[in-house]
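Have a look at input-v9.cif; it's mmCIF, C-alpha atoms:
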data_work
loop_
_atom_site.label_atom_id
_atom_site.label_comp_id
_atom_site.auth_asym_id
_atom_site.auth_seq_id
_atom_site.Cartn_x
_atom_site.Cartn_y
_atom_site.Cartn_z
CA MET A 1022 -95.07 -1.06 -8.66
CA PHE A 1023 -93.17 -4.31 -8.13
CA HIS A 1024 -94.01 -5.97 -4.82
CA LYS A 1025 -92.27 -8.80 -2.99
CA HIS A 1026 -95.33 -10.96 -3.66
CA ASP A 1027 -94.65 -10.55 -7.37
CA ALA A 1028 -91.11 -11.73 -6.76
CA LEU A 1029 -92.33 -14.76 -4.85
CA LEU A 1030 -94.78 -15.59 -7.63
CA GLY A 1031 -92.02 -15.37 -10.19
CA VAL A 1032 -89.75 -17.71 -8.25
CA MET A 1033 -92.56 -20.19 -7.65
CA ASN A 1034 -93.28 -20.19 -11.38
CA GLY A 1035 -89.66 -21.09 -12.03
CA THR A 1036 -88.62 -17.84 -13.72
CA PRO A 1037 -84.83 -18.13 -14.19
CA VAL A 1038 -82.28 -15.38 -13.59
CA LEU A 1039 -81.64 -13.75 -16.96
CA ARG A 1040 -77.88 -13.20 -17.07
CA GLY A 1041 -76.93 -9.86 -18.54
CA HIS A 1042 -80.55 -8.69 -18.64
CA HIS A 1043 -81.45 -5.42 -16.92
CA SER A 1044 -83.65 -7.41 -14.51
CA GLU A 1045 -80.80 -9.64 -13.28
CA GLY A 1046 -79.82 -7.49 -10.29
CA ARG A 1047 -83.41 -7.03 -9.13
CA HIS A 1048 -84.13 -10.73 -9.59
CA ARG A 1049 -81.14 -11.73 -7.48
CA ARG A 1050 -82.14 -9.25 -4.76
CA ASP A 1051 -85.66 -10.72 -4.79
CA LEU A 1052 -84.24 -14.21 -4.39
CA ALA A 1053 -82.06 -13.09 -1.48
CA ARG A 1054 -84.99 -11.33 0.22
CA ILE A 1055 -87.26 -14.36 -0.18
CA ASP A 1056 -84.54 -16.58 1.22
CA ARG A 1057 -84.17 -14.30 4.27
CA ASP A 1058 -87.92 -14.27 4.83
CA MET A 1059 -88.14 -18.04 4.59
CA ARG A 1060 -85.26 -18.47 7.04
CA LYS A 1061 -86.91 -16.11 9.55
CA SER A 1062 -90.16 -18.05 9.22
CA PHE A 1063 -88.42 -21.36 9.83
CA GLU A 1064 -86.56 -19.95 12.86
CA ALA A 1065 -89.80 -18.70 14.39
CA LYS A 1066 -91.44 -22.05 13.69
CA ARG A 1067 -88.59 -23.90 15.37
CA ALA A 1068 -88.86 -21.63 18.41
CA ALA A 1069 -92.59 -22.31 18.66
CA GLU A 1070 -92.06 -26.04 18.34
CA ALA A 1071 -89.38 -25.93 21.04
CA LEU A 1072 -91.84 -24.21 23.36
CA GLU A 1073 -94.47 -26.86 22.66
CA ARG A 1074 -91.98 -29.64 23.35
CA SER A 1075 -91.15 -27.99 26.66
CA ALA A 1076 -94.85 -27.86 27.52
CA VAL A 1077 -95.51 -31.57 27.01
CA ALA A 1078 -92.07 -33.16 27.47
CA ALA A 1079 -92.65 -34.25 31.05
CA GLU A 1080 -95.78 -36.23 30.21
CA ASN A 1081 -94.37 -37.69 26.99
CA ASN A 1082 -90.91 -38.62 28.27
CA GLU A 1083 -91.62 -39.83 31.80
CA THR A 1084 -94.32 -42.42 32.27
CA ILE A 1085 -95.94 -42.36 35.69
CA SER A 1086 -97.26 -45.78 36.65
CA SER A 1087 -100.53 -46.04 38.51
CA ASP A 1088 -98.70 -48.43 40.83
CA ASP A 1089 -96.53 -45.56 42.05
CA PRO A 1090 -97.82 -44.44 45.48
CA SER A 1091 -97.03 -40.86 44.45
CA ALA A 1092 -98.81 -41.14 41.07
CA VAL A 1093 -101.56 -38.66 41.92
CA GLU A 1094 -99.09 -36.17 43.37
CA LEU A 1095 -96.74 -36.46 40.38
CA LEU A 1096 -99.53 -36.18 37.83
CA THR A 1097 -101.00 -33.18 39.66
CA ALA A 1098 -97.61 -31.46 39.48
CA LYS A 1099 -97.39 -32.18 35.75
CA LEU A 1100 -100.91 -30.89 35.26
CA LYS A 1101 -100.01 -27.58 36.92
CA LYS A 1102 -96.98 -27.25 34.63
CA LEU A 1103 -99.03 -28.00 31.52
CA GLU A 1104 -101.62 -25.41 32.54
CA ALA A 1105 -98.87 -22.85 33.23
CA ASP A 1106 -97.34 -23.51 29.81
CA ARG A 1107 -100.73 -23.04 28.16
CA GLU A 1108 -101.13 -19.67 29.86
CA LEU A 1109 -97.60 -18.75 28.76
CA ILE A 1110 -98.41 -19.50 25.12
CA LYS A 1111 -101.59 -17.42 25.37
CA ALA A 1112 -99.64 -14.51 26.87
CA MET A 1113 -97.02 -14.82 24.14
CA ASN A 1114 -99.64 -14.69 21.40
CA VAL A 1115 -101.16 -11.55 22.93
CA ALA A 1116 -97.71 -9.92 22.96
CA ILE A 1117 -97.02 -11.05 19.38
CA ARG A 1118 -100.30 -9.56 18.14
CA LYS A 1119 -99.28 -6.26 19.78
CA ASN A 1120 -95.74 -6.47 18.36
CA ASP A 1121 -94.57 -6.21 21.98
CA ALA A 1122 -91.09 -7.73 21.79
CA ALA A 1123 -90.25 -6.38 25.25
CA LYS A 1124 -93.12 -8.39 26.74
CA LEU A 1125 -91.89 -11.52 24.98
CA VAL A 1126 -88.45 -11.01 26.52
CA GLU A 1127 -90.12 -10.57 29.89
CA LEU A 1128 -91.92 -13.90 29.29
CA GLY A 1129 -88.61 -15.66 28.71
CA CYS A 1130 -87.76 -15.28 25.01
CA SER A 1131 -84.37 -14.09 23.86
CA GLU A 1132 -84.36 -10.69 22.17
CA LYS A 1133 -83.63 -12.33 18.81
CA THR A 1134 -86.48 -14.83 19.15
CA ALA A 1135 -88.85 -12.11 20.36
CA ALA A 1136 -88.05 -9.99 17.30
CA GLU A 1137 -88.65 -12.94 14.97
CA PHE A 1138 -91.98 -13.77 16.59
CA CYS A 1139 -93.19 -10.23 15.89
CA LYS A 1140 -92.50 -10.60 12.16
CA PRO A 1141 -95.10 -12.29 9.95
CA ASP A 1142 -94.06 -15.30 7.91
CA GLU A 1143 -94.21 -15.38 4.11
CA PHE A 1144 -97.97 -15.90 4.31
CA GLY A 1145 -98.55 -12.97 6.69
CA ARG A 1146 -99.13 -15.16 9.75
CA LYS A 1147 -97.82 -14.39 13.23
CA GLY A 1148 -97.96 -16.11 16.57
CA ILE A 1149 -97.86 -19.67 17.84
CA PRO A 1150 -100.29 -21.81 15.77
CA SER A 1151 -103.66 -22.50 17.39
CA TYR A 1152 -103.32 -26.24 16.89
CA LYS A 1153 -100.48 -26.25 19.40
CA LEU A 1154 -102.81 -24.87 22.06
CA THR A 1155 -105.44 -27.40 20.98
CA ASN A 1156 -102.99 -30.27 21.44
CA LEU A 1157 -101.88 -28.93 24.79
CA GLY A 1158 -105.50 -28.59 25.89
CA ALA A 1159 -106.17 -32.21 24.94
CA GLU A 1160 -103.16 -33.33 26.98
CA ILE A 1161 -104.40 -31.33 29.98
CA ARG A 1162 -107.82 -32.97 29.73
CA ARG A 1163 -106.21 -36.42 29.49
CA VAL A 1164 -104.04 -35.89 32.58
CA THR A 1165 -106.98 -34.36 34.49
CA ALA A 1166 -109.11 -37.42 33.72
CA ARG A 1167 -106.33 -39.77 34.78
CA VAL A 1168 -105.87 -37.97 38.11
CA ALA A 1169 -109.62 -38.16 38.74
CA GLU A 1170 -109.72 -41.87 37.93
CA LEU A 1171 -106.74 -42.68 40.16
CA LYS A 1172 -108.34 -40.80 43.05
CA ARG A 1173 -111.62 -42.61 42.57
CA MET A 1174 -110.01 -46.04 42.23
CA ALA A 1175 -107.97 -45.40 45.39
CA GLU A 1176 -111.17 -44.70 47.34
CA GLU A 1177 -113.07 -47.66 45.88
CA LYS A 1178 -112.80 -51.09 47.48
CA PRO A 1179 -111.82 -53.94 45.12
CA ARG A 1180 -114.83 -55.91 43.93
CA GLU A 1181 -115.32 -59.42 45.19
CA ALA A 1182 -114.15 -62.31 43.01
CA VAL A 1183 -116.76 -63.72 40.63
CA GLU A 1184 -116.86 -66.68 38.27
CA VAL A 1185 -118.22 -66.43 34.74
CA GLY A 1186 -118.26 -69.50 32.51
CA GLY A 1187 -115.53 -71.11 34.53
CA VAL A 1188 -113.32 -67.99 34.44
CA THR A 1189 -112.55 -66.40 37.82
CA VAL A 1190 -112.38 -62.60 37.87
CA THR A 1191 -110.44 -61.04 40.75
CA GLU A 1192 -109.25 -57.55 41.63
CA GLU A 1193 -106.13 -57.36 43.79
CA ASP A 1194 -102.70 -55.74 43.84
CA ASN A 1195 -104.08 -53.02 41.56
CA ARG A 1196 -104.64 -55.67 38.89
CA LEU A 1197 -107.70 -57.15 37.23
CA ARG A 1198 -107.08 -60.87 36.73
CA LEU A 1199 -108.82 -63.50 34.66
CA THR A 1200 -108.04 -67.06 35.73
CA PHE A 1201 -109.06 -69.81 33.31
CA PRO A 1202 -109.60 -73.46 34.35
CA GLY A 1203 -107.08 -74.49 31.69
CA LYS A 1204 -105.12 -73.04 28.81
CA PRO A 1205 -107.40 -70.80 26.70
CA SER A 1206 -107.80 -71.50 23.00
CA SER A 1207 -105.58 -69.63 20.56
CA ASP A 1208 -108.61 -67.57 19.56
CA MET A 1209 -109.29 -66.64 23.20
CA ILE A 1210 -105.62 -65.80 23.78
CA ALA A 1211 -105.79 -63.44 20.80
CA THR A 1212 -108.90 -61.84 22.33
CA LEU A 1213 -107.17 -61.42 25.69
CA LYS A 1214 -104.14 -59.78 24.12
CA ARG A 1215 -106.33 -57.55 21.96
CA ASN A 1216 -108.03 -56.34 25.16
CA GLY A 1217 -104.76 -55.54 26.90
CA PHE A 1218 -104.38 -58.65 29.07
CA LYS A 1219 -100.97 -60.26 29.54
CA TRP A 1220 -100.11 -63.69 30.88
CA ALA A 1221 -98.63 -63.54 34.40
CA PRO A 1222 -97.03 -66.93 35.26
CA SER A 1223 -96.39 -65.82 38.86
CA VAL A 1224 -100.15 -65.77 39.58
CA GLY A 1225 -101.34 -68.11 36.82
CA SER A 1226 -103.70 -65.51 35.39
CA TRP A 1227 -104.20 -63.11 32.53
CA GLN A 1228 -104.06 -59.61 33.97
CA ARG A 1229 -103.86 -55.89 33.29
CA GLN A 1230 -103.76 -52.79 35.45
CA LEU A 1231 -107.01 -52.19 37.31
CA THR A 1232 -108.94 -49.35 35.69
CA GLU A 1233 -112.46 -48.79 34.44
CA ASN A 1234 -111.19 -49.51 30.93
CA ALA A 1235 -109.81 -52.83 32.22
CA ARG A 1236 -113.24 -53.72 33.60
CA ARG A 1237 -114.90 -52.92 30.28
CA SER A 1238 -112.28 -54.97 28.45
CA ALA A 1239 -112.88 -57.89 30.82
CA GLU A 1240 -116.58 -57.70 30.00
CA GLN A 1241 -115.71 -58.03 26.30
CA VAL A 1242 -113.63 -61.12 27.02
CA LEU A 1243 -116.29 -62.67 29.26
CA CYS A 1244 -118.97 -62.06 26.65
CA LYS A 1245 -116.94 -64.19 24.29
CA VAL A 1246 -116.51 -66.84 27.00
CA GLY A 1247 -120.28 -66.96 27.40
CA ALA A 1248 -120.72 -67.36 23.64
CA LEU A 1249 -118.42 -70.42 23.48
#
Have the structure of the file written as structure tokens, please.
Amino acid sequence: MFHKHDALLGVMNGTPVLRGHHSEGRHRRDLARIDRDMRKSFEAKRAAEALERSAVAAENNETISSDDPSAVELLTAKLKKLEADRELIKAMNVAIRKNDAAKLVELGCSEKTAAEFCKPDEFGRKGIPSYKLTNLGAEIRRVTARVAELKRMAEEKPREAVEVGGVTVTEEDNRLRLTFPGKPSSDMIATLKRNGFKWAPSVGSWQRQLTENARRSAEQVLCKVGAL
């Protein structure tokens, strides 16, 4: 018996349509069927990718600065949306495995998209790829960690200014600042930039947003100062 997999194998091997041969009609039908299957697969893939974009668009397209007084509130709202989207994808995959197009429509898919999701692609696969859930999970963990850090930094009092090797380290205005007694060497400037510090003429210091990462980066810079 001739199966569609045989047809696919023939096309992949470059078997041409034999004009006038008794196999011509079947070959052309096989090509048309494969084309339809491929198009359905691509449509389902596009729908899945659109859903993923919807799940992470807010975090990717709208940067929330830690300076924003509402940063924790805004990030918490985004986190809830990301978690809701993850649960939606999980529910969709359950419905897809059960070939439950009606459930997919109930979850927000159009009838056409729901029907396509329930059909396997040319490799027999169905559902939204697991890596999409993995990526979404990583984004949720990142936002969760950022919310926790902002809350902790808000409760923590700025550390007192200290001087290391002539460099004054201060924490104020939600910034970590390094003030040098003069212009740093080109090598030191490269080190500062590599560690995320930018020159702020208004305060005469090299600074970056105050975070635990900023403190660790400052330690890297100060270690180099001590080695000079």
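Counting all atoms listed in the file, the residue from A:Leu1243, A:Ala1135, A:Val1224, A:Arg1229 that sits nearest to A:Lys1119 is A:Ala1135.
Using only C-alpha atoms, the nearest neighbour of A:Met1174 within the list A:Leu1157, A:Ala1112, A:Gln1228, A:Asn1195 is A:Asn1195.
Selection by the PyMOL selection byres ((chain A and resi 1139) around 10) on the present file picks out A:Ala1065, A:Asn1114, A:Ala1116, A:Ile1117, A:Arg1118, A:Lys1119, A:Asn1120, A:Asp1121, A:Ala1122, A:Leu1125, A:Thr1134, A:Ala1135, A:Ala1136, A:Glu1137, A:Phe1138, A:Lys1140, A:Pro1141, A:Asp1142, A:Arg1146, A:Lys1147, A:Gly1148.
Once the PyMOL selection byres ((chain A and resi 1240) around 12) is applied to the depicted file, the selected set reads Val1185, Val1188, Val1190, Leu1197, Leu1199, Thr1212, Leu1213, Asn1216, Glu1233, Asn1234, Ala1235, Arg1236, Arg1237, Ser1238, Ala1239, Gln1241, Val1242, Leu1243, Cys1244, Lys1245, Val1246 and Gly1247 of chain A.
Atom CA of A:Met1113 lies 16.8 Å from atom CA of A:Asn1156.
For the pair atom CA of A:Lys1102 and atom CA of A:Lys1124, the interatomic distance is 20.8 Å.
If you look at atom CA of A:Val1183 and atom CA of A:Val1168, they are 28.1 Å away from each other.
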### Message
Need to verify the contact set: A:Ala1182, 10 Å, all atoms listed in the file, exclusion of same-chain residues closer than 5 positions in sequence. Can you return it as a list in words?
### Response
Thr1189, Val1190, Thr1191, Glu1192, Glu1193, Arg1198 and Leu1199 of chain A
### Task
Pick out the residues sitting within 12 Å of A:Ala1159, and hand them over as a ChimeraX atom specification; count only C-alpha atoms, and ignore anything fewer than 3 positions along from it in its own chain.
/A:1077,1100,1103-1104,1107,1152-1156,1162-1166
